[in-house]
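Structure record follows, encoded as structure tokens.
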Amino acid sequence: MAPAGDASPERSILRARARGEVSADESFEDLYRLYGPTVRAWLRVRVPPPVSDDLLQDVFLIFHARWGRWEFRPELEVEGARPVLSFLFRTCHFVLRGYRRKSGREESVEGLDAADEGGPERLTRSVEAGRALELARRLCPTEELGVLLPKLAGVPAREIARTLGLSEPAVDHRFRSALGRIRKALGAPRGGKRGH
């Protein structure tokens, strides 16, 4: 039982998970129910609902990858801390920043001359990208998805590494591994390196 003055639902979930009273999946679901509406509302103020719902899922995919390696002791020693909420809002900022960067690039592509970037080709690329993301969600483990989605959205490897508590080479490795799975599923040849 939590001591008096320590009644935050997040803290109760963290304590139960640290003691092994609930599984990682059960505690993740509890945190999703607790903070999903808050994160959704924060995103909906900034982007339209269809986009905010997609970004919400990206935020929680990243959190799920981190949740498996969460260190409970430091967070439980700080009275009044809400480390999960803090992590989710930092992740929202990164995911939203990546989405806006990607959107900015897409807008600049649409402004190009039709001879350089025709509508049908752009539509085909968009459909192919959507298919690749669906494959990624099916084929890639959560630790790879936690890197793939923000990296594709334009978040730098350095920021992803800092957010997930990884090294930059680990981020790059997971990203390449996820791309390899997608290429294999699409039957695409493993070509040369492409600049990012």
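If you're wondering about the labels, chains in the structure tokens are A, B, ... by order shown, residues count from 1 in each chain, ligands from 1 in order shown.
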Residues near Val147 in chain A, cut-off 9 Å, only C-alpha atoms, skip fewer than 4 positions along chain, as an MDAnalysis selection string: chainID A and resid 62 142:143 151:152 157 160:161 164 171:172 174:175 178
Mind running range 6-52 of chain A against range 86-101 of chain A at 9 Å and telling me each contacting residue's nearest atom pair with the distance in Å (one decimal), counting only C-alpha atoms, chain and number ascending, as JSON lines?
{"residue": "A:Tyr35", "atom": "CA", "partner": "A:Leu88", "partner_atom": "CA", "distance": 8.5}
{"residue": "A:Val39", "atom": "CA", "partner": "A:Phe89", "partner_atom": "CA", "distance": 7.4}
{"residue": "A:Trp42", "atom": "CA", "partner": "A:Cys92", "partner_atom": "CA", "distance": 8.6}
{"residue": "A:Leu43", "atom": "CA", "partner": "A:Cys92", "partner_atom": "CA", "distance": 7.6}
{"residue": "A:Arg46", "atom": "CA", "partner": "A:Leu96", "partner_atom": "CA", "distance": 8.6}
{"residue": "A:Val47", "atom": "CA", "partner": "A:Leu96", "partner_atom": "CA", "distance": 8.7}
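Ranking A:Arg11, A:Arg69, A:Arg158, A:Arg137 by their shortest atom-to-atom distance to Leu179 in chain A, with only C-alpha atoms included, puts A:Arg137 first.
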From A:Leu149, A:Arg15, A:Phe28, A:Val22, residue lying nearest Asp58 in chain A [only C-alpha atoms]: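 Among the listed residues, the smallest separation from Asp58 in chain A belongs to A:Leu149.
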Contact residues around Ala24 in chain A with only C-alpha atoms at 8 Å, ignoring same-chain residues under 5 positions, as a list in words: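 Those residues are Arg17, Trp67 and Gly68 of chain A.
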For Leu56 in chain A: contacts at 7 Å, only C-alpha atoms, fewer than 4 positions along chain excluded, given as a VMD selection string: chain A and resid 39 to 40 52 60
N, CA and C atoms of the current selection, written as a PDB file, in the first residue's frame:
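Result file follows (again-v7.pdb):
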ATOM      1  N   VAL A  39      -2.745  12.385 -23.473  1.00  0.00           N
ATOM      2  CA  VAL A  39      -1.847  12.528 -24.624  1.00  0.00           C
ATOM      3  C   VAL A  39      -2.662  12.835 -25.879  1.00  0.00           C
ATOM      4  N   ARG A  40      -3.790  12.141 -26.052  1.00  0.00           N
ATOM      5  CA  ARG A  40      -4.650  12.391 -27.210  1.00  0.00           C
ATOM      6  C   ARG A  40      -5.113  13.856 -27.229  1.00  0.00           C
ATOM      7  N   SER A  52      -3.678  13.041 -35.161  1.00  0.00           N
ATOM      8  CA  SER A  52      -3.394  12.918 -33.728  1.00  0.00           C
ATOM      9  C   SER A  52      -3.562  11.481 -33.257  1.00  0.00           C
ATOM     10  N   PHE A  60       2.848   5.787 -27.972  1.00  0.00           N
ATOM     11  CA  PHE A  60       2.752   4.641 -27.070  1.00  0.00           C
ATOM     12  C   PHE A  60       3.571   3.440 -27.553  1.00  0.00           C
TER      13      PHE A  60
END
